[in-house]
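These notes are about the structure you will find just below.
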Amino acid sequence: MTIPPPLILLVEDELPVQRFIHAALTAAGYRIVVANTLHSARAHSGGHRPDLILLDLGLPDGDGLELLTTLRPDNRTPIVILSARGDERAKVFALDAGADDYLTKPFSVPELLARIRVALRHAVAPAELVGASAYHADGLFVDPVRRTVSHDGQPVHLTPTEYRLLLVLIRHAGMVVTHRRLLQEVWGENAIDQPHYLRVYMGQLRHKLERDPTQPTLLLTESGVGYRLREPDS
Amino acid sequence: MLHVGMAEPSVPADSASGGTWHRVVWLLVPVGSAAALGLLVRPHLASVDLAMLLLLAVVVVASRTTPLLAAMAALLAITAFDILFVPPYYTFSVADSAYLLTFAVMFGVALAVGQLTTRLRSAGLERQRREQLSARLLAMTDELGRADSLVTLASAGARHLADATGRQARVLLAEFEEDLALEEALALLAPEPADHGVRDALLLVHEHRAPQATSVDGWSVVAIGDLSHPRGFALIAPGQAIDRDEPMGESVTALLERYAALVDRTRWRWGEARARLEIEGERLRSALLSSVSHDLRSPLAAIEGAASTLLLEPGDSVPPAVRAQLLETIQEEAQRMNRLIGNLLDMVRVQSGSMVVHASWQPIDEVVGAAIRRLGSRLERHPLSVKLPESLPLVHIDELLLEQVFINLLDNAVRHTPPATPVLIRGRREGGRVEIEVCDRGPGVGTTDDPDLVFTKFHRAVSSGMEQADGGLGLGLTICRGVLMAHGGTIHTRVRRGGGAAFRLSIPVGEPPHPPDEPVESFP
């Protein structure tokens with residue numbers, strides 16, 4: 001018996017957007033069901049049990065965040081939010097409230113597919129497991145078991161905090177991690193109002209791990225939101 | 001809205017050297033000491049010399065006090081002379097009647113000296129007062145010239161008027177275009193029954209349509225603005241008795257008139273500034289509308305055209321290469337429109353001053369990197385080099401706004417320079433600022449004398465013909481300046497040696513927080 005392709009629930013009210021996403025995802029081999037109101041979205045997510053939810057934050061009958069908060073924490077379906085540019089605070093809020101990733105409108109289809117792919121992968125493999133397996137991408141190699149880090153073959157020495165920060169990013173490789181989440185997981189609850197800690201350490205990591213720290217390919221900055229470690233090479 | 005200012009002088013009016021005790025002291029001490037001294041040396045000196053001593057005392061008193069006191073001192077001196085130094089001692093009788101002449105001369109001298117010194121002194125005081133008045137006038141003109149509200153004009157004005165004259169001052173100013181009724185003025189300026197002096201003065205000005213007046217009990221008033229529609233009043237209280245006979249009366253009026261003129265001038269200035277702002281706003285709106293119309297319609301036209309071509313000619317009449325090209329056009333033009341709309345929205349925010357800066361401490365190279373990434377393939381055709389030293393301090397910035405600035409600058413570089421020309425981003429710390437330059441090897445920013453003109457809204461580069469169609473609304477650089485200003489920084493442009501433009505951003509460093517200490521703990 002073949003495993004059916006993943007089912008994606010798209011919560012979006014604008015017809016043209018529905019159309020192109022439907023076309024793109026179907027062409028990529030996914031199944032898709034569309035809900036154009038929050039109300040129907042709730043029904044669908046219960047009934048169909050989608051593998052991933054694409055949620056537009058700007059719905060007519062309410063804030064997409066409502067759906068988010070009703071689903072989490074019991075429901076661990078990966079959720080990728082779609083939001084307009086300039087609405088960074090809403091995105092951060094949604095991410096901290098349990099969304100897994102985001103896309104800024106207008107977005108391209110390759111971006112969309114990449115986000116979906118990463119989110120599905122993380123849903124299948126729990127974070128702890130992902131964090132325990134080796135990570136390699138674009139010359140960077142990290143072995144969490146042996147606790148070694150090397151770049152382009154050369155070993156790299158990281159301080160304990162730098163290493164911990166890198167591990168958090170690896171656990172979410174390919175997905176965005178908000179500033180808040182990073183501060184919490186590396187420095188603890190009290191550090192949330194010291195965002196410069198994070199900035200300084202990310203800068204240090206960039207200088208140690210990137211070929212050109214001013215044009216990073218691994219440690220990507222998502223302005224106003226957080227950071228994203230590049231997807232591992234498969 | 002009416003603004004009232006009332007002030008008492010901070011420095012009380014020149015008080016006469018009054019006080020009874022004061023007078024008694026001046027009367028007794030000099031003459032007394034001279035007499036005492038004389039007694040001591042009486043055996044050794046002739047009476048004529050002793051007379052000189054007393055005369056000296058009288059002159060001292062005359063030079064320092066009023067003629068009246070001088071006369072009294074003279075009398076006292078004469079008495080002392082008679083009793084103590086004219087034989088027979090300790091009696092009032094005079095042995096030699098020649099002494100009567102001495103008494104008369106002494107008295108005359110005292111009066112004369114007294115008169116002289118009084119005149120001198122009052123002339124000196126007068127001069128001093130005039131100088132003080134000039135200085136205060138200057139201070140008033142200076143401070144009120146910089147005033148930016150009617151409240152300041154009224155309260156500061158009252159204060160200056162009071163200090164300059166040493167009397168109470170009251171001011172009433174009405175808002176622009178507001179009609180000031182006499183009843184309102186009376187109610188506000190003369191609220192107490194005791195203020196009848198003020199009432200009289202105001203009524204006088206109103207009745208006689210005079211620009212200024214002095215009421216019976218001495219309140220001086222001047223009307224501000226047009227007589228038929230006064231915009232305010234300024235009053236100065238009557239002075240102390242000592243001021244009654246001074247030429248100050250004219251000065252008070254002159255002062256009031258000066259104040260009134262200042263207020264008028266200030267009003268005109270504000271009115272002009274407001275009108276200019278409105279005109280500028282209008283101009284901007286119409287420029288914006290025509291820009292939007294043109295610059296957004298161009299990419300729309302391209303999208304419409306490409307899409308309809310693809311729809312109209314299905315199948316094989318359009319070769320696949322051309323199809324691909326048309327589809328690419330649709331995508332690129334849509335992205336271009338997205339950028340334009342983004343700039344437009346930013347522009348509106350900069351314009352309305354509602355740009356909120358959410359700043360936090362971060363390294364500038366992160367923002368630069370993010371901007372480069374956002375530009376993506378558009379930078380493909382230009383070799384890009386980034387030289388930002390690791391030692392640059394953290395800066396307090398809003399990363400979204402600064403990212404937009406770098407995107408705009410890089411976008412400009414891409415659009416206005418020939419392909420394959422290099423783009424350079426470099427930075428350094430310069431004292432209390434971090435300076436970042438975005439440089440290209442394009443045609444530069446035109447031949448205008450003022451290269452910073454390019455930051456004014458809607459200015460477009462005199463294009464070298466390259467990418468002319470790519471309007472961009474000319475807003476990008478204005479937004480950059482707005483953002484930099486909101487951060488307390490600046491942006492300037494210059495022509496590079498060897499050709500090309502350089503845009504230099506300058507951001508204040510401030511006091512970055514300390515980097516976190518590495519916690520002492522084992523490897524996780």
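Residues in the structure tokens are named by chain (A, B, ... in the order shown) and by number from 1 within that chain; ligands are numbered from 1 in the order shown.
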
Residue hits in chain B, query chain A, radius 6 Å, only C-alpha atoms, as number ranges by chain: B: 361-362, 365, 369-370, 516, 523

Would you save the residues of that selection, restricted to all heavy atoms, as a short mmCIF file (atom, residue, chain, number, x, y, z; two decimals), in the first residue's frame?
```cif
data_model
loop_
_atom_site.label_atom_id
_atom_site.label_comp_id
_atom_site.auth_asym_id
_atom_site.auth_seq_id
_atom_site.Cartn_x
_atom_site.Cartn_y
_atom_site.Cartn_z
N TRP B 361 20.01 46.95 20.02
CA TRP B 361 21.45 46.94 19.77
C TRP B 361 21.82 45.77 18.88
O TRP B 361 21.56 44.62 19.21
CB TRP B 361 22.20 46.85 21.09
CG TRP B 361 22.09 48.09 21.89
CD1 TRP B 361 21.24 48.32 22.92
CD2 TRP B 361 22.83 49.30 21.69
NE1 TRP B 361 21.42 49.59 23.40
CE2 TRP B 361 22.38 50.21 22.67
CE3 TRP B 361 23.83 49.70 20.81
CZ2 TRP B 361 22.89 51.50 22.78
CZ3 TRP B 361 24.34 50.99 20.92
CH2 TRP B 361 23.88 51.86 21.89
N GLN B 362 22.43 46.06 17.75
CA GLN B 362 22.85 44.99 16.87
C GLN B 362 24.02 45.42 16.00
O GLN B 362 24.30 46.60 15.85
CB GLN B 362 21.69 44.53 15.99
CG GLN B 362 20.82 45.64 15.47
CD GLN B 362 19.51 45.08 14.98
OE1 GLN B 362 19.51 44.28 14.05
NE2 GLN B 362 18.42 45.47 15.59
N ASP B 365 26.63 44.75 10.32
CA ASP B 365 26.89 43.85 9.19
C ASP B 365 25.75 42.85 9.00
O ASP B 365 25.53 42.36 7.89
CB ASP B 365 28.23 43.11 9.35
CG ASP B 365 28.25 42.20 10.56
OD1 ASP B 365 27.73 42.60 11.61
OD2 ASP B 365 28.77 41.08 10.45
N GLY B 369 23.97 42.24 5.43
CA GLY B 369 23.85 40.90 4.87
C GLY B 369 22.40 40.56 4.51
O GLY B 369 22.13 39.98 3.46
N ALA B 370 21.48 40.95 5.38
CA ALA B 370 20.07 40.66 5.12
C ALA B 370 19.60 41.40 3.88
O ALA B 370 18.83 40.87 3.07
CB ALA B 370 19.23 41.03 6.34
N PRO B 516 27.62 39.80 26.78
CA PRO B 516 27.39 38.91 27.92
C PRO B 516 28.67 38.17 28.29
O PRO B 516 29.52 37.92 27.44
CB PRO B 516 26.34 37.93 27.40
CG PRO B 516 26.48 37.98 25.93
CD PRO B 516 26.95 39.34 25.56
N PHE B 523 30.61 21.97 28.87
CA PHE B 523 30.05 21.79 27.55
C PHE B 523 28.74 20.98 27.66
O PHE B 523 28.73 19.98 28.34
CB PHE B 523 31.06 20.98 26.72
CG PHE B 523 31.26 21.53 25.34
CD1 PHE B 523 31.68 22.83 25.15
CD2 PHE B 523 31.02 20.73 24.25
CE1 PHE B 523 31.86 23.33 23.87
CE2 PHE B 523 31.20 21.23 22.97
CZ PHE B 523 31.62 22.52 22.77
#
```

Which of region 78-202 of chain A DSSP labels strand (DSSP E), written as a list in words: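 So the strand (DSSP E) residues in region 78-202 of chain A would be Ile79, Val80, Ile81, Leu82, Ser83, Ala84, Asp101, Tyr102, Leu103, Thr104, Lys105, Tyr135, His136, Ala137, Leu140, Phe141, Val142, Asp143, Thr148, Val149, Ser150, His151, Gln154, Pro155, Val176, Val177 and Thr178 of chain A.
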
May I have the residues from that selection written out with N, CA, C and O atoms, as a tab-separated table (two decimals), in the first residue's frame?
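Printed below is result-v6.tsv as written:
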```tsv
chain	number	residue	atom	x	y	z
A	79	ILE	N	2.34	24.29	11.20
A	79	ILE	CA	1.59	25.42	10.65
A	79	ILE	C	2.56	26.43	10.09
A	79	ILE	O	3.49	26.85	10.76
A	80	VAL	N	2.33	26.80	8.82
A	80	VAL	CA	3.13	27.85	8.18
A	80	VAL	C	2.20	29.02	7.92
A	80	VAL	O	1.15	28.85	7.29
A	81	ILE	N	2.56	30.20	8.44
A	81	ILE	CA	1.65	31.33	8.26
A	81	ILE	C	2.05	32.18	7.06
A	81	ILE	O	3.21	32.28	6.70
A	82	LEU	N	1.02	32.76	6.43
A	82	LEU	CA	1.22	33.65	5.29
A	82	LEU	C	0.81	35.05	5.75
A	82	LEU	O	-0.29	35.24	6.25
A	83	SER	N	1.73	36.00	5.57
A	83	SER	CA	1.40	37.32	6.08
A	83	SER	C	2.01	38.39	5.21
A	83	SER	O	2.99	38.16	4.52
A	84	ALA	N	1.43	39.58	5.24
A	84	ALA	CA	1.92	40.68	4.40
A	84	ALA	C	3.22	41.24	4.96
A	84	ALA	O	3.52	41.14	6.13
A	101	ASP	N	6.65	28.21	10.89
A	101	ASP	CA	7.41	29.03	9.97
A	101	ASP	C	6.49	30.05	9.33
A	101	ASP	O	5.28	30.06	9.60
A	102	TYR	N	7.07	30.92	8.47
A	102	TYR	CA	6.22	31.94	7.88
A	102	TYR	C	6.67	32.25	6.46
A	102	TYR	O	7.79	31.94	6.06
A	103	LEU	N	5.76	32.86	5.72
A	103	LEU	CA	6.06	33.33	4.37
A	103	LEU	C	5.51	34.75	4.24
A	103	LEU	O	4.41	35.03	4.72
A	104	THR	N	6.29	35.60	3.60
A	104	THR	CA	5.84	36.98	3.43
A	104	THR	C	5.27	37.18	2.04
A	104	THR	O	5.94	36.86	1.05
A	105	LYS	N	4.06	37.71	1.99
A	105	LYS	CA	3.45	37.95	0.68
A	105	LYS	C	4.02	39.21	0.09
A	105	LYS	O	4.22	40.19	0.78
A	135	TYR	N	24.86	17.14	11.40
A	135	TYR	CA	24.35	18.16	10.48
A	135	TYR	C	25.47	18.54	9.53
A	135	TYR	O	26.60	18.78	9.94
A	136	HIS	N	25.18	18.55	8.26
A	136	HIS	CA	26.18	19.12	7.36
A	136	HIS	C	25.51	19.86	6.22
A	136	HIS	O	24.50	19.42	5.65
A	137	ALA	N	26.08	21.02	5.94
A	137	ALA	CA	25.57	21.87	4.86
A	137	ALA	C	26.65	22.84	4.45
A	137	ALA	O	27.27	23.47	5.30
A	140	LEU	N	29.88	23.04	6.34
A	140	LEU	CA	29.85	22.97	7.80
A	140	LEU	C	29.45	21.56	8.23
A	140	LEU	O	28.51	20.99	7.70
A	141	PHE	N	30.19	21.03	9.17
A	141	PHE	CA	29.87	19.70	9.66
A	141	PHE	C	29.84	19.72	11.18
A	141	PHE	O	30.81	20.14	11.82
A	142	VAL	N	28.70	19.31	11.73
A	142	VAL	CA	28.56	19.31	13.18
A	142	VAL	C	28.14	17.93	13.64
A	142	VAL	O	27.15	17.38	13.16
A	143	ASP	N	28.91	17.36	14.56
A	143	ASP	CA	28.56	16.06	15.11
A	143	ASP	C	28.19	16.24	16.59
A	143	ASP	O	29.08	16.43	17.42
A	148	THR	N	31.82	17.76	17.83
A	148	THR	CA	32.84	18.39	17.00
A	148	THR	C	32.19	19.28	15.96
A	148	THR	O	31.08	19.01	15.48
A	149	VAL	N	32.90	20.33	15.64
A	149	VAL	CA	32.43	21.24	14.61
A	149	VAL	C	33.58	21.49	13.66
A	149	VAL	O	34.70	21.78	14.09
A	150	SER	N	33.32	21.34	12.37
A	150	SER	CA	34.38	21.65	11.42
A	150	SER	C	33.79	22.37	10.22
A	150	SER	O	32.61	22.21	9.89
A	151	HIS	N	34.63	23.18	9.61
A	151	HIS	CA	34.16	23.91	8.43
A	151	HIS	C	35.19	23.75	7.33
A	151	HIS	O	36.36	24.07	7.51
A	154	GLN	N	38.36	22.06	8.28
A	154	GLN	CA	39.14	22.57	9.41
A	154	GLN	C	38.30	22.55	10.68
A	154	GLN	O	37.15	22.99	10.65
A	155	PRO	N	38.86	22.06	11.78
A	155	PRO	CA	38.08	22.10	13.02
A	155	PRO	C	37.87	23.54	13.49
A	155	PRO	O	38.73	24.39	13.31
A	176	VAL	N	12.60	28.87	10.74
A	176	VAL	CA	12.98	30.08	11.45
A	176	VAL	C	12.83	29.85	12.95
A	176	VAL	O	11.97	29.10	13.40
A	177	VAL	N	13.73	30.45	13.71
A	177	VAL	CA	13.60	30.43	15.17
A	177	VAL	C	13.57	31.88	15.63
A	177	VAL	O	14.46	32.66	15.26
A	178	THR	N	12.58	32.23	16.42
A	178	THR	CA	12.47	33.64	16.81
A	178	THR	C	13.56	34.01	17.81
A	178	THR	O	14.12	33.15	18.49
```

For Leu57 (chain A), list every protein, DNA or RNA residue within 10 Å, evaluated using only C-alpha atoms, and leave out those in the same chain fewer than 4 positions away; present the list as an MDAnalysis selection string. chainID A and resid 11:12 62:68 81:84 87 90:91 94

Resulting file, chosen residues, N, CA, C and O atoms, as a PDB file, in the first residue's frame:
```pdb
ATOM      1  N   VAL A  11      -5.660  27.717   4.395  1.00  0.00           N
ATOM      2  CA  VAL A  11      -6.682  28.622   4.933  1.00  0.00           C
ATOM      3  C   VAL A  11      -6.435  29.999   4.323  1.00  0.00           C
ATOM      4  O   VAL A  11      -5.553  30.745   4.744  1.00  0.00           O
ATOM      5  N   GLU A  12      -7.191  30.315   3.282  1.00  0.00           N
ATOM      6  CA  GLU A  12      -6.942  31.526   2.509  1.00  0.00           C
ATOM      7  C   GLU A  12      -8.241  31.954   1.851  1.00  0.00           C
ATOM      8  O   GLU A  12      -8.954  31.116   1.293  1.00  0.00           O
ATOM      9  N   GLY A  62     -11.899  36.944  11.016  1.00  0.00           N
ATOM     10  CA  GLY A  62     -11.201  36.889  12.300  1.00  0.00           C
ATOM     11  C   GLY A  62      -9.707  36.780  12.115  1.00  0.00           C
ATOM     12  O   GLY A  62      -9.186  36.624  11.025  1.00  0.00           O
ATOM     13  N   ASP A  63      -9.014  36.908  13.192  1.00  0.00           N
ATOM     14  CA  ASP A  63      -7.565  36.850  13.174  1.00  0.00           C
ATOM     15  C   ASP A  63      -7.112  35.399  13.061  1.00  0.00           C
ATOM     16  O   ASP A  63      -7.530  34.554  13.840  1.00  0.00           O
ATOM     17  N   GLY A  64      -6.234  35.131  12.081  1.00  0.00           N
ATOM     18  CA  GLY A  64      -5.724  33.775  11.937  1.00  0.00           C
ATOM     19  C   GLY A  64      -5.100  33.247  13.214  1.00  0.00           C
ATOM     20  O   GLY A  64      -5.063  32.040  13.451  1.00  0.00           O
ATOM     21  N   LEU A  65      -4.633  34.167  14.039  1.00  0.00           N
ATOM     22  CA  LEU A  65      -3.999  33.753  15.295  1.00  0.00           C
ATOM     23  C   LEU A  65      -4.956  32.971  16.192  1.00  0.00           C
ATOM     24  O   LEU A  65      -4.533  32.133  16.982  1.00  0.00           O
ATOM     25  N   GLU A  66      -6.253  33.268  16.012  1.00  0.00           N
ATOM     26  CA  GLU A  66      -7.240  32.553  16.836  1.00  0.00           C
ATOM     27  C   GLU A  66      -7.162  31.068  16.583  1.00  0.00           C
ATOM     28  O   GLU A  66      -7.183  30.260  17.516  1.00  0.00           O
ATOM     29  N   LEU A  67      -7.093  30.717  15.296  1.00  0.00           N
ATOM     30  CA  LEU A  67      -7.018  29.298  14.948  1.00  0.00           C
ATOM     31  C   LEU A  67      -5.786  28.679  15.580  1.00  0.00           C
ATOM     32  O   LEU A  67      -5.821  27.575  16.126  1.00  0.00           O
ATOM     33  N   LEU A  68      -4.709  29.434  15.518  1.00  0.00           N
ATOM     34  CA  LEU A  68      -3.456  28.975  16.065  1.00  0.00           C
ATOM     35  C   LEU A  68      -3.591  28.636  17.540  1.00  0.00           C
ATOM     36  O   LEU A  68      -3.204  27.564  18.002  1.00  0.00           O
ATOM     37  N   ILE A  81       2.556  30.197   8.440  1.00  0.00           N
ATOM     38  CA  ILE A  81       1.653  31.333   8.264  1.00  0.00           C
ATOM     39  C   ILE A  81       2.049  32.181   7.059  1.00  0.00           C
ATOM     40  O   ILE A  81       3.212  32.279   6.698  1.00  0.00           O
ATOM     41  N   LEU A  82       1.021  32.762   6.434  1.00  0.00           N
ATOM     42  CA  LEU A  82       1.217  33.654   5.294  1.00  0.00           C
ATOM     43  C   LEU A  82       0.814  35.048   5.747  1.00  0.00           C
ATOM     44  O   LEU A  82      -0.292  35.242   6.255  1.00  0.00           O
ATOM     45  N   SER A  83       1.725  35.996   5.575  1.00  0.00           N
ATOM     46  CA  SER A  83       1.398  37.322   6.082  1.00  0.00           C
ATOM     47  C   SER A  83       2.007  38.395   5.208  1.00  0.00           C
ATOM     48  O   SER A  83       2.991  38.156   4.524  1.00  0.00           O
ATOM     49  N   ALA A  84       1.433  39.584   5.243  1.00  0.00           N
ATOM     50  CA  ALA A  84       1.922  40.678   4.396  1.00  0.00           C
ATOM     51  C   ALA A  84       3.222  41.245   4.956  1.00  0.00           C
ATOM     52  O   ALA A  84       3.517  41.144   6.132  1.00  0.00           O
ATOM     53  N   ASP A  87       4.319  43.376   8.568  1.00  0.00           N
ATOM     54  CA  ASP A  87       3.551  42.889   9.699  1.00  0.00           C
ATOM     55  C   ASP A  87       4.404  41.984  10.568  1.00  0.00           C
ATOM     56  O   ASP A  87       3.950  40.937  11.025  1.00  0.00           O
ATOM     57  N   ALA A  90       3.148  40.677  14.010  1.00  0.00           N
ATOM     58  CA  ALA A  90       2.143  39.617  13.974  1.00  0.00           C
ATOM     59  C   ALA A  90       2.804  38.278  13.702  1.00  0.00           C
ATOM     60  O   ALA A  90       2.451  37.256  14.296  1.00  0.00           O
ATOM     61  N   LYS A  91       3.813  38.289  12.816  1.00  0.00           N
ATOM     62  CA  LYS A  91       4.503  37.035  12.497  1.00  0.00           C
ATOM     63  C   LYS A  91       5.210  36.492  13.727  1.00  0.00           C
ATOM     64  O   LYS A  91       5.121  35.308  14.042  1.00  0.00           O
ATOM     65  N   ALA A  94       2.804  35.105  16.131  1.00  0.00           N
ATOM     66  CA  ALA A  94       2.304  33.800  15.694  1.00  0.00           C
ATOM     67  C   ALA A  94       3.350  32.714  15.910  1.00  0.00           C
ATOM     68  O   ALA A  94       3.048  31.616  16.379  1.00  0.00           O
TER      69      ALA A  94
END
```

Computed gap from CA of Gly376 (chain B) to CA of Ala302 (chain B) is 22.2 Å

Please, what distance in Å, to one decimal, runs between CA of Ile491 (chain B) and CA of Leu284 (chain B)? 21.9 Å

Which residue of B:Leu138, B:Met347, B:Ala501, B:Val395 approaches Val367 (chain B) most closely, using only C-alpha atoms: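 The answer is B:Val395, which sits nearest to Val367 (chain B).
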
Need the shell around region 41-53 of chain B: protein/DNA/RNA residues with any atom at most 12 Å away, counting only C-alpha atoms. Skip same-chain ones fewer than 5 positions apart. Format as an NGL selection string? :B and (30-36 or 58-60 or 74 or 77-87 or 89 or 96 or 98-99 or 101-103 or 105-107 or 109)

Please run DSSP on the backbone and report, as JSON, numbers by chain, all residues within chain A that come out as alpha helix (DSSP H). {"A": [15, 16, 17, 18, 19, 20, 21, 22, 23, 24, 25, 26, 27, 38, 39, 40, 41, 42, 43, 44, 45, 46, 47, 48, 64, 65, 66, 67, 68, 69, 70, 71, 88, 89, 90, 91, 92, 93, 94, 95, 96, 109, 110, 111, 112, 113, 114, 115, 116, 117, 118, 119, 120, 121, 122, 123, 124, 127, 128, 129, 130, 131, 132, 160, 161, 162, 163, 164, 165, 166, 167, 168, 169, 170, 171, 179, 180, 181, 182, 183, 184, 185, 186, 187, 195, 196, 197, 198, 199, 200, 201, 202, 203, 204, 205, 206, 207, 208, 209]}

Report as a ChimeraX atom specification all protein, DNA and RNA residues lying within 10 Å of region 33-40 of chain A, evaluated on only C-alpha atoms, omitting residues in the same chain fewer than 4 positions from it. /A:7-15,18-19,21-22,44-46,48,50,53-56,59-67

Counting only C-alpha atoms, the residue of A:Gly153, A:Pro110, A:Pro4, A:Pro73 that sits nearest Asp51 (chain A):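 Ranked by minimum distance to Asp51 (chain A), first place goes to A:Pro4.
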
Which residues are near Leu182 (chain A)? Cut-off 10 Å, only C-alpha atoms, ignore same chain within fewer than 6 positions. Put them as a ChimeraX atom specification. /A:164-166,168-169,188,191-192,195,198,226-227

Please write the residues from the selection above to a file, keeping C-alpha atoms, as a PDB file, in the first residue's frame.
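Now in result_26.pdb:
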```pdb
ATOM      1  CA  ARG A 164      24.548  25.633  22.464  1.00  0.00           C
ATOM      2  CA  LEU A 165      23.195  28.343  20.193  1.00  0.00           C
ATOM      3  CA  LEU A 166      24.265  26.411  17.131  1.00  0.00           C
ATOM      4  CA  VAL A 168      19.263  25.054  18.878  1.00  0.00           C
ATOM      5  CA  LEU A 169      19.474  26.246  15.306  1.00  0.00           C
ATOM      6  CA  GLY A 188      17.015  31.273  29.914  1.00  0.00           C
ATOM      7  CA  ALA A 191      17.572  36.981  29.052  1.00  0.00           C
ATOM      8  CA  ILE A 192      14.546  37.876  26.962  1.00  0.00           C
ATOM      9  CA  PRO A 195      18.477  40.718  22.794  1.00  0.00           C
ATOM     10  CA  LEU A 198      21.875  36.946  20.782  1.00  0.00           C
ATOM     11  CA  GLY A 226      14.755  35.667  14.116  1.00  0.00           C
ATOM     12  CA  TYR A 227      17.312  33.418  12.495  1.00  0.00           C
TER      13      TYR A 227
END
```
